[in-house]
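Asks: One file is attached below, query-v7.cif, containing mmCIF, C-alpha atoms.
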```
data_coords
#
loop_
_atom_site.group_PDB
_atom_site.id
_atom_site.type_symbol
_atom_site.label_atom_id
_atom_site.label_comp_id
_atom_site.auth_asym_id
_atom_site.auth_seq_id
_atom_site.Cartn_x
_atom_site.Cartn_y
_atom_site.Cartn_z
ATOM 1 C CA LEU A 30 156.518 -39.179 43.915
ATOM 2 C CA ALA A 31 154.199 -41.167 46.202
ATOM 3 C CA PRO A 32 154.417 -44.970 46.100
ATOM 4 C CA ALA A 33 151.478 -46.870 44.617
ATOM 5 C CA VAL A 34 149.058 -48.374 47.132
ATOM 6 C CA ASP A 35 147.322 -51.712 46.536
ATOM 7 C CA ASP A 36 143.642 -50.910 47.131
ATOM 8 C CA SER A 37 142.214 -54.151 45.743
ATOM 9 C CA PRO A 38 139.231 -55.820 47.496
ATOM 10 C CA GLY A 39 141.456 -58.673 48.723
ATOM 11 C CA THR A 40 143.949 -56.276 50.269
ATOM 12 C CA ARG A 41 141.152 -54.307 51.953
ATOM 13 C CA LEU A 42 139.677 -57.558 53.330
ATOM 14 C CA VAL A 43 143.015 -58.691 54.762
ATOM 15 C CA GLY A 44 143.557 -55.222 56.252
ATOM 16 C CA GLY A 45 140.104 -55.307 57.840
ATOM 17 C CA VAL A 46 140.646 -58.762 59.319
ATOM 18 C CA LYS A 47 144.063 -57.666 60.665
ATOM 19 C CA ASN A 48 142.468 -54.585 62.243
ATOM 20 C CA VAL A 49 139.759 -56.663 63.972
ATOM 21 C CA LEU A 50 142.393 -59.125 65.225
ATOM 22 C CA ASP A 51 144.609 -56.272 66.464
ATOM 23 C CA ILE A 52 141.797 -54.661 68.434
ATOM 24 C CA THR A 53 140.502 -57.965 69.835
ATOM 25 C CA LEU A 54 143.943 -59.172 70.917
ATOM 26 C CA ALA A 55 144.860 -55.755 72.327
ATOM 27 C CA ALA A 56 141.667 -55.694 74.415
ATOM 28 C CA VAL A 57 142.381 -59.176 75.809
ATOM 29 C CA VAL A 58 146.015 -58.339 76.591
ATOM 30 C CA VAL A 59 145.010 -55.032 78.263
ATOM 31 C CA VAL A 60 142.651 -56.911 80.592
ATOM 32 C CA LEU A 61 145.198 -59.628 81.370
ATOM 33 C CA THR A 62 148.147 -57.292 81.936
ATOM 34 C CA ALA A 63 146.387 -54.394 83.692
ATOM 35 C CA PRO A 64 147.557 -55.497 87.170
ATOM 36 C CA LEU A 65 151.149 -55.806 85.920
ATOM 37 C CA GLY A 66 150.949 -52.375 84.296
ATOM 38 C CA LEU A 67 149.637 -50.837 87.513
ATOM 39 C CA VAL A 68 152.476 -52.385 89.546
ATOM 40 C CA ALA A 69 155.019 -51.100 86.995
ATOM 41 C CA ALA A 70 153.483 -47.609 87.107
ATOM 42 C CA ALA A 71 153.594 -47.643 90.917
ATOM 43 C CA LEU A 72 157.277 -48.667 90.889
ATOM 44 C CA ILE A 73 158.082 -45.816 88.498
ATOM 45 C CA LYS A 74 156.297 -43.297 90.735
ATOM 46 C CA LEU A 75 157.975 -44.652 93.886
ATOM 47 C CA THR A 76 161.513 -44.574 92.476
ATOM 48 C CA SER A 77 161.651 -41.393 90.385
ATOM 49 C CA ARG A 78 159.868 -38.092 90.031
ATOM 50 C CA GLY A 79 157.552 -37.338 87.126
ATOM 51 C CA PRO A 80 154.630 -39.150 85.525
ATOM 52 C CA ALA A 81 154.575 -42.940 85.201
ATOM 53 C CA VAL A 82 153.138 -42.794 81.689
ATOM 54 C CA TYR A 83 154.397 -40.330 79.150
ATOM 55 C CA ALA A 84 153.111 -39.225 75.786
ATOM 56 C CA GLN A 85 155.285 -38.624 72.759
ATOM 57 C CA ALA A 86 154.557 -37.551 69.181
ATOM 58 C CA ARG A 87 155.233 -40.235 66.576
ATOM 59 C CA VAL A 88 154.703 -40.517 62.824
ATOM 60 C CA GLY A 89 152.087 -43.067 61.818
ATOM 61 C CA LEU A 90 149.843 -44.097 58.959
ATOM 62 C CA ASN A 91 150.038 -41.754 55.958
ATOM 63 C CA GLY A 92 152.617 -39.615 57.778
ATOM 64 C CA ARG A 93 150.098 -38.409 60.362
ATOM 65 C CA VAL A 94 151.498 -37.503 63.745
ATOM 66 C CA PHE A 95 149.825 -39.234 66.697
ATOM 67 C CA THR A 96 150.445 -39.447 70.427
ATOM 68 C CA LEU A 97 152.155 -42.664 71.538
ATOM 69 C CA TYR A 98 151.947 -43.741 75.195
ATOM 70 C CA LYS A 99 154.667 -45.606 77.122
ATOM 71 C CA LEU A 100 155.658 -46.313 80.683
ATOM 72 C CA ARG A 101 158.464 -43.889 81.485
ATOM 73 C CA THR A 102 161.840 -45.621 81.625
ATOM 74 C CA MET A 103 164.101 -42.555 81.675
ATOM 75 C CA TYR A 104 164.567 -39.854 84.258
ATOM 76 C CA HIS A 105 161.865 -37.190 84.064
ATOM 77 C CA ASP A 106 162.503 -34.465 81.460
ATOM 78 C CA CYS A 107 165.964 -35.873 80.644
ATOM 79 C CA GLU A 108 165.915 -34.529 77.081
ATOM 80 C CA ALA A 109 165.972 -30.989 78.441
ATOM 81 C CA VAL A 110 169.645 -31.755 79.179
ATOM 82 C CA SER A 111 170.580 -34.358 76.550
ATOM 83 C CA GLY A 112 168.453 -33.115 73.668
ATOM 84 C CA VAL A 113 166.510 -35.414 71.360
ATOM 85 C CA ARG A 114 168.462 -38.568 70.588
ATOM 86 C CA TRP A 115 168.077 -42.313 70.343
ATOM 87 C CA ALA A 116 168.696 -44.361 73.465
ATOM 88 C CA THR A 117 171.913 -46.366 73.667
ATOM 89 C CA ARG A 118 172.554 -49.760 75.268
ATOM 90 C CA SER A 119 173.911 -48.362 78.547
ATOM 91 C CA ASP A 120 172.120 -45.008 78.385
ATOM 92 C CA PRO A 121 172.621 -43.085 81.668
ATOM 93 C CA ARG A 122 169.172 -41.490 81.221
ATOM 94 C CA VAL A 123 167.458 -44.846 81.922
ATOM 95 C CA THR A 124 166.334 -45.459 85.509
ATOM 96 C CA PRO A 125 167.003 -48.785 87.278
ATOM 97 C CA VAL A 126 163.286 -49.660 87.112
ATOM 98 C CA GLY A 127 163.332 -48.483 83.494
ATOM 99 C CA ARG A 128 166.090 -50.976 82.626
ATOM 100 C CA PHE A 129 163.901 -53.822 83.854
ATOM 101 C CA LEU A 130 160.853 -52.485 82.017
ATOM 102 C CA ARG A 131 162.813 -52.127 78.779
ATOM 103 C CA CYS A 132 164.384 -55.565 79.125
ATOM 104 C CA THR A 133 160.954 -57.174 79.593
ATOM 105 C CA HIS A 134 159.198 -54.786 77.140
ATOM 106 C CA LEU A 135 156.647 -53.950 79.831
ATOM 107 C CA ASP A 136 157.196 -50.270 79.004
ATOM 108 C CA GLU A 137 155.286 -50.924 75.766
ATOM 109 C CA LEU A 138 152.002 -51.935 77.479
ATOM 110 C CA PRO A 139 150.355 -48.478 77.198
ATOM 111 C CA GLN A 140 150.760 -48.687 73.420
ATOM 112 C CA LEU A 141 147.889 -51.167 73.463
ATOM 113 C CA TRP A 142 145.731 -48.090 74.032
ATOM 114 C CA ASN A 143 147.078 -46.776 70.712
ATOM 115 C CA VAL A 144 146.040 -50.072 69.084
ATOM 116 C CA LEU A 145 142.536 -49.789 70.561
ATOM 117 C CA ARG A 146 142.322 -46.234 69.204
ATOM 118 C CA GLY A 147 143.255 -47.467 65.709
ATOM 119 C CA GLU A 148 146.524 -45.508 65.581
ATOM 120 C CA MET A 149 148.760 -48.567 65.753
ATOM 121 C CA SER A 150 148.760 -52.253 64.952
ATOM 122 C CA LEU A 151 150.245 -55.044 67.047
ATOM 123 C CA VAL A 152 152.832 -55.797 64.338
ATOM 124 C CA GLY A 153 154.153 -53.209 61.921
ATOM 125 C CA PRO A 154 157.058 -50.847 61.387
ATOM 126 C CA ARG A 155 158.033 -49.084 64.607
ATOM 127 C CA PRO A 156 156.936 -45.432 64.576
ATOM 128 C CA GLU A 157 159.617 -42.786 64.871
ATOM 129 C CA ARG A 158 159.554 -39.287 66.331
ATOM 130 C CA PRO A 159 159.081 -36.476 63.777
ATOM 131 C CA GLU A 160 162.154 -34.602 65.033
ATOM 132 C CA VAL A 161 164.328 -37.723 64.688
ATOM 133 C CA ILE A 162 163.108 -38.327 61.136
ATOM 134 C CA ALA A 163 163.900 -34.717 60.229
ATOM 135 C CA GLY A 164 167.114 -34.446 62.261
ATOM 136 C CA LYS A 165 168.668 -37.672 61.011
ATOM 137 C CA GLY A 166 167.278 -37.292 57.480
ATOM 138 C CA LEU A 167 165.874 -40.839 57.615
ATOM 139 C CA ALA A 168 163.479 -40.275 54.714
ATOM 140 C CA ASP A 169 166.413 -39.208 52.518
ATOM 141 C CA GLU A 170 169.073 -41.618 53.822
ATOM 142 C CA VAL A 171 167.098 -44.862 54.124
ATOM 143 C CA PRO A 172 165.811 -46.198 50.792
ATOM 144 C CA GLY A 173 162.062 -46.817 50.941
ATOM 145 C CA TYR A 174 161.675 -45.200 54.370
ATOM 146 C CA ALA A 175 158.473 -43.433 53.263
ATOM 147 C CA LEU A 176 156.895 -46.844 52.560
ATOM 148 C CA ARG A 177 156.708 -47.385 56.338
ATOM 149 C CA THR A 178 153.894 -44.839 56.524
ATOM 150 C CA LEU A 179 151.644 -46.817 54.160
ATOM 151 C CA VAL A 180 150.652 -49.156 57.005
ATOM 152 C CA ARG A 181 149.830 -48.633 60.671
ATOM 153 C CA PRO A 182 152.929 -48.641 62.856
ATOM 154 C CA GLY A 183 153.289 -51.533 65.269
ATOM 155 C CA VAL A 184 153.841 -52.118 68.962
ATOM 156 C CA THR A 185 156.402 -54.629 67.749
ATOM 157 C CA GLY A 186 158.116 -54.948 64.391
ATOM 158 C CA LEU A 187 158.578 -57.874 62.047
ATOM 159 C CA ALA A 188 162.226 -58.176 63.116
ATOM 160 C CA GLN A 189 161.158 -58.896 66.702
ATOM 161 C CA VAL A 190 158.467 -61.360 65.644
#
```
Can you give me the file's structure in the form of structure tokens?
Replies:
Amino acid sequence: LAPAVDDSPGTRLVGGVKNVLDITLAAVVVVLTAPLGLVAAALIKLTSRGPAVYAQARVGLNGRVFTLYKLRTMYHDCEAVSGVRWATRSDPRVTPVGRFLRCTHLDELPQLWNVLRGEMSLVGPRPERPEVIAGKGLADEVPGYALRTLVRPGVTGLAQV
């Protein structure tokens, strides 16, 4: 049974204002952080093989799968060996440059492109990978997990804010 969605005019107005703010702020932050992102991408390329930016399928609004972009913080193609799994605190798959990028959250900068495309919001529930949702049974094990797909996923979550 699908949860009820509040589609009142007030809710639509607030959602529209949030969307305009998300896109405006994302555009400003992209311009301001572009040099930093380019330096980070160069460091990734200089210290490990593989692309600096990687794309990954994630579950977003209304359960639709979209492509999320991040600066690569792990060794190239590491899941071919480890399989799909969540990262741990001292994960050996993370590169030295990747540790710094994760610590400073600079690896998240490419997700601003997802915000500009309307696939994500600046603040919302973090999107998860489809295979993790299925493999860990999150929708069945976590009460209300499906509610997360009623809003755009966020670059950052409420817990971090």
Asks: How many Å lie between atom CA of Val49 of chain A and atom CA of Thr185 of chain A, rounded to one decimal?
Replies: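 According to the coordinates, atom CA of Val49 of chain A and atom CA of Thr185 of chain A are separated by 17.2 Å.
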Asks: What's the separation between atom CA of Leu90 of chain A and atom CA of Trp115 of chain A, in Å to one decimal place?
Replies: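 Answer for the atom CA of Leu90 of chain A to atom CA of Trp115 of chain A separation: 21.6 Å.
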Asks: Would you pick out the contacts of segment 158-160 of chain A at 12 Å or less, using only C-alpha atoms, so that residues sharing its chain but fewer than 6 positions from it are not included, and give the list as a list of chain:residue names?
Replies: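 My reading of the contact set: A:Ala84, A:Gln85, A:Ala86, A:Arg87, A:Val88, A:Gly89, A:Gly92, A:Arg93, A:Val94, A:Phe95, A:Thr96, A:Leu97, A:Gly112, A:Val113, A:Arg114, A:Trp115, A:Gly166, A:Leu167, A:Ala168, A:Pro182.
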Asks: Take atom CA of Arg181 of chain A and atom CA of Met103 of chain A and report the distance between them in Å, one decimal.
Replies: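 Separation between atom CA of Arg181 of chain A and atom CA of Met103 of chain A: 26.1 Å.
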Asks: Nearest to Gly183 of chain A: which of A:Asp51, A:Arg118, A:Thr62, A:Asp169 is it, counting only C-alpha atoms?
Replies: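 With only C-alpha atoms as the atom set, the closest residue is A:Asp51.
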Asks: On this structure, which residues satisfy the PyMOL selection byres ((chain A and resi 127) around 10), written as a list in words?
Replies: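 Checking the PyMOL selection byres ((chain A and resi 127) around 10) against this file, the residues are Ala69, Leu72, Ile73, Thr76, Leu100, Arg101, Thr102, Met103, Tyr104, Arg122, Val123, Thr124, Pro125, Val126, Arg128, Phe129, Leu130, Arg131, Cys132, Thr133, His134, Leu135 and Asp136 of chain A.
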Asks: Keeping C-alpha atoms for every residue in the selection just given, could you write it to a file as a PDB file, keeping the file's coordinate frame?
Replies:
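Result went into part.pdb, see below:
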```pdb
ATOM      1  CA  ALA A  69     155.019 -51.100  86.995  1.00  0.00           C
ATOM      2  CA  LEU A  72     157.277 -48.667  90.889  1.00  0.00           C
ATOM      3  CA  ILE A  73     158.082 -45.816  88.498  1.00  0.00           C
ATOM      4  CA  THR A  76     161.513 -44.574  92.476  1.00  0.00           C
ATOM      5  CA  LEU A 100     155.658 -46.313  80.683  1.00  0.00           C
ATOM      6  CA  ARG A 101     158.464 -43.889  81.485  1.00  0.00           C
ATOM      7  CA  THR A 102     161.840 -45.621  81.625  1.00  0.00           C
ATOM      8  CA  MET A 103     164.101 -42.555  81.675  1.00  0.00           C
ATOM      9  CA  TYR A 104     164.567 -39.854  84.258  1.00  0.00           C
ATOM     10  CA  ARG A 122     169.172 -41.490  81.221  1.00  0.00           C
ATOM     11  CA  VAL A 123     167.458 -44.846  81.922  1.00  0.00           C
ATOM     12  CA  THR A 124     166.334 -45.459  85.509  1.00  0.00           C
ATOM     13  CA  PRO A 125     167.003 -48.785  87.278  1.00  0.00           C
ATOM     14  CA  VAL A 126     163.286 -49.660  87.112  1.00  0.00           C
ATOM     15  CA  ARG A 128     166.090 -50.976  82.626  1.00  0.00           C
ATOM     16  CA  PHE A 129     163.901 -53.822  83.854  1.00  0.00           C
ATOM     17  CA  LEU A 130     160.853 -52.485  82.017  1.00  0.00           C
ATOM     18  CA  ARG A 131     162.813 -52.127  78.779  1.00  0.00           C
ATOM     19  CA  CYS A 132     164.384 -55.565  79.125  1.00  0.00           C
ATOM     20  CA  THR A 133     160.954 -57.174  79.593  1.00  0.00           C
ATOM     21  CA  HIS A 134     159.198 -54.786  77.140  1.00  0.00           C
ATOM     22  CA  LEU A 135     156.647 -53.950  79.831  1.00  0.00           C
ATOM     23  CA  ASP A 136     157.196 -50.270  79.004  1.00  0.00           C
TER      24      ASP A 136
END
```
Asks: On this file, the PyMOL selection byres ((chain A and resi 79) around 6) gives some set of residues; write that set as a list in words.
Replies: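 The output of the PyMOL selection byres ((chain A and resi 79) around 6) on this file is Arg78, Pro80 and His105 of chain A.
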Asks: Between A:Thr117, A:Ser77, A:Asn91, A:Asn48, which one has atoms that come closest to Ala175 of chain A, using all atoms listed in the file?
Replies: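 Among the listed residues, the smallest separation from Ala175 of chain A belongs to A:Asn91.
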Asks: Around (156.6, -53.2, 62.6), as given in the file, which residues come within 8 Å? Count all atoms listed in the file and list them as a PDB file with C-alpha atoms, keeping the file's coordinate frame.
Replies:
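What landed in result_31.pdb:
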```pdb
ATOM      1  CA  LEU A 151     150.245 -55.044  67.047  1.00  0.00           C
ATOM      2  CA  VAL A 152     152.832 -55.797  64.338  1.00  0.00           C
ATOM      3  CA  GLY A 153     154.153 -53.209  61.921  1.00  0.00           C
ATOM      4  CA  PRO A 154     157.058 -50.847  61.387  1.00  0.00           C
ATOM      5  CA  ARG A 155     158.033 -49.084  64.607  1.00  0.00           C
ATOM      6  CA  PRO A 182     152.929 -48.641  62.856  1.00  0.00           C
ATOM      7  CA  GLY A 183     153.289 -51.533  65.269  1.00  0.00           C
ATOM      8  CA  VAL A 184     153.841 -52.118  68.962  1.00  0.00           C
ATOM      9  CA  THR A 185     156.402 -54.629  67.749  1.00  0.00           C
ATOM     10  CA  GLY A 186     158.116 -54.948  64.391  1.00  0.00           C
ATOM     11  CA  LEU A 187     158.578 -57.874  62.047  1.00  0.00           C
ATOM     12  CA  ALA A 188     162.226 -58.176  63.116  1.00  0.00           C
TER      13      ALA A 188
END
```
Asks: Is it possible to get the residues within 12 Å of (140.8, -56.3, 65.0) (coordinates as in the file, counting all atoms listed in the file) written as a list in words?
Replies: Leu42, Val43, Gly44, Gly45, Val46, Lys47, Asn48, Val49, Leu50, Asp51, Ile52, Thr53, Leu54, Ala55, Ala56, Val57, Val144, Leu145, Arg146, Gly147, Met149, Ser150 and Leu151 of chain A
Asks: Could you turn the residues from that selection into a file that holds C-alpha atoms, as a CSV table (one decimal), in the coordinates of the input?
Replies:
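Output file again_0.csv follows:
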```
chain,number,residue,atom,x,y,z
A,42,LEU,CA,139.7,-57.6,53.3
A,43,VAL,CA,143.0,-58.7,54.8
A,44,GLY,CA,143.6,-55.2,56.3
A,45,GLY,CA,140.1,-55.3,57.8
A,46,VAL,CA,140.6,-58.8,59.3
A,47,LYS,CA,144.1,-57.7,60.7
A,48,ASN,CA,142.5,-54.6,62.2
A,49,VAL,CA,139.8,-56.7,64.0
A,50,LEU,CA,142.4,-59.1,65.2
A,51,ASP,CA,144.6,-56.3,66.5
A,52,ILE,CA,141.8,-54.7,68.4
A,53,THR,CA,140.5,-58.0,69.8
A,54,LEU,CA,143.9,-59.2,70.9
A,55,ALA,CA,144.9,-55.8,72.3
A,56,ALA,CA,141.7,-55.7,74.4
A,57,VAL,CA,142.4,-59.2,75.8
A,144,VAL,CA,146.0,-50.1,69.1
A,145,LEU,CA,142.5,-49.8,70.6
A,146,ARG,CA,142.3,-46.2,69.2
A,147,GLY,CA,143.3,-47.5,65.7
A,149,MET,CA,148.8,-48.6,65.8
A,150,SER,CA,148.8,-52.3,65.0
A,151,LEU,CA,150.2,-55.0,67.0
```
Asks: From the options A:Pro139, A:Ala63, A:Glu170, A:Thr178, which residue's atoms come nearest to Glu157 of chain A, counting all atoms listed in the file?
Replies: A:Thr178
Asks: Choose the residue, out of A:Leu176, A:Glu108, A:Asp120, A:Leu138, that has the smallest atom-to-atom separation from Gly66 of chain A; count all atoms listed in the file.
Replies: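 Checking each candidate against Gly66 of chain A, we get A:Leu138 as the closest.
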Asks: Is it possible to dump segment 132-147 of chain A as a tab-separated table (two decimals), in the first residue's frame, including just N, CA and C atoms?
Replies:
```tsv
chain	number	residue	atom	x	y	z
A	132	CYS	N	36.75	12.96	4.18
A	132	CYS	CA	36.78	13.70	5.44
A	132	CYS	C	36.25	15.13	5.26
A	133	THR	N	36.58	15.75	4.13
A	133	THR	CA	36.17	17.13	3.86
A	133	THR	C	34.87	17.20	3.07
A	134	HIS	N	34.34	16.06	2.65
A	134	HIS	CA	33.12	15.95	1.83
A	134	HIS	C	33.27	16.56	0.45
A	135	LEU	N	34.51	16.79	0.02
A	135	LEU	CA	34.74	17.32	-1.32
A	135	LEU	C	34.34	16.31	-2.40
A	136	ASP	N	34.31	15.02	-2.04
A	136	ASP	CA	33.91	14.00	-3.01
A	136	ASP	C	32.46	14.17	-3.45
A	137	GLU	N	31.68	14.94	-2.69
A	137	GLU	CA	30.26	15.14	-2.99
A	137	GLU	C	30.02	16.25	-4.01
A	138	LEU	N	31.03	17.07	-4.33
A	138	LEU	CA	30.83	18.22	-5.21
A	138	LEU	C	30.13	17.88	-6.54
A	139	PRO	N	30.48	16.80	-7.23
A	139	PRO	CA	29.79	16.51	-8.49
A	139	PRO	C	28.29	16.28	-8.35
A	140	GLN	N	27.83	15.98	-7.13
A	140	GLN	CA	26.39	15.79	-6.94
A	140	GLN	C	25.61	17.09	-7.15
A	141	LEU	N	26.31	18.21	-7.13
A	141	LEU	CA	25.63	19.48	-7.44
A	141	LEU	C	25.09	19.45	-8.86
A	142	TRP	N	25.74	18.70	-9.74
A	142	TRP	CA	25.24	18.52	-11.09
A	142	TRP	C	23.89	17.80	-11.03
A	143	ASN	N	23.76	16.81	-10.14
A	143	ASN	CA	22.49	16.12	-9.97
A	143	ASN	C	21.40	17.08	-9.48
A	144	VAL	N	21.78	18.03	-8.62
A	144	VAL	CA	20.82	19.03	-8.14
A	144	VAL	C	20.38	19.91	-9.31
A	145	LEU	N	21.34	20.37	-10.11
A	145	LEU	CA	21.01	21.21	-11.26
A	145	LEU	C	20.12	20.47	-12.27
A	146	ARG	N	20.26	19.18	-12.35
A	146	ARG	CA	19.43	18.37	-13.26
A	146	ARG	C	18.06	18.07	-12.67
A	147	GLY	N	17.84	18.41	-11.40
A	147	GLY	CA	16.54	18.17	-10.76
A	147	GLY	C	16.38	16.77	-10.21
```
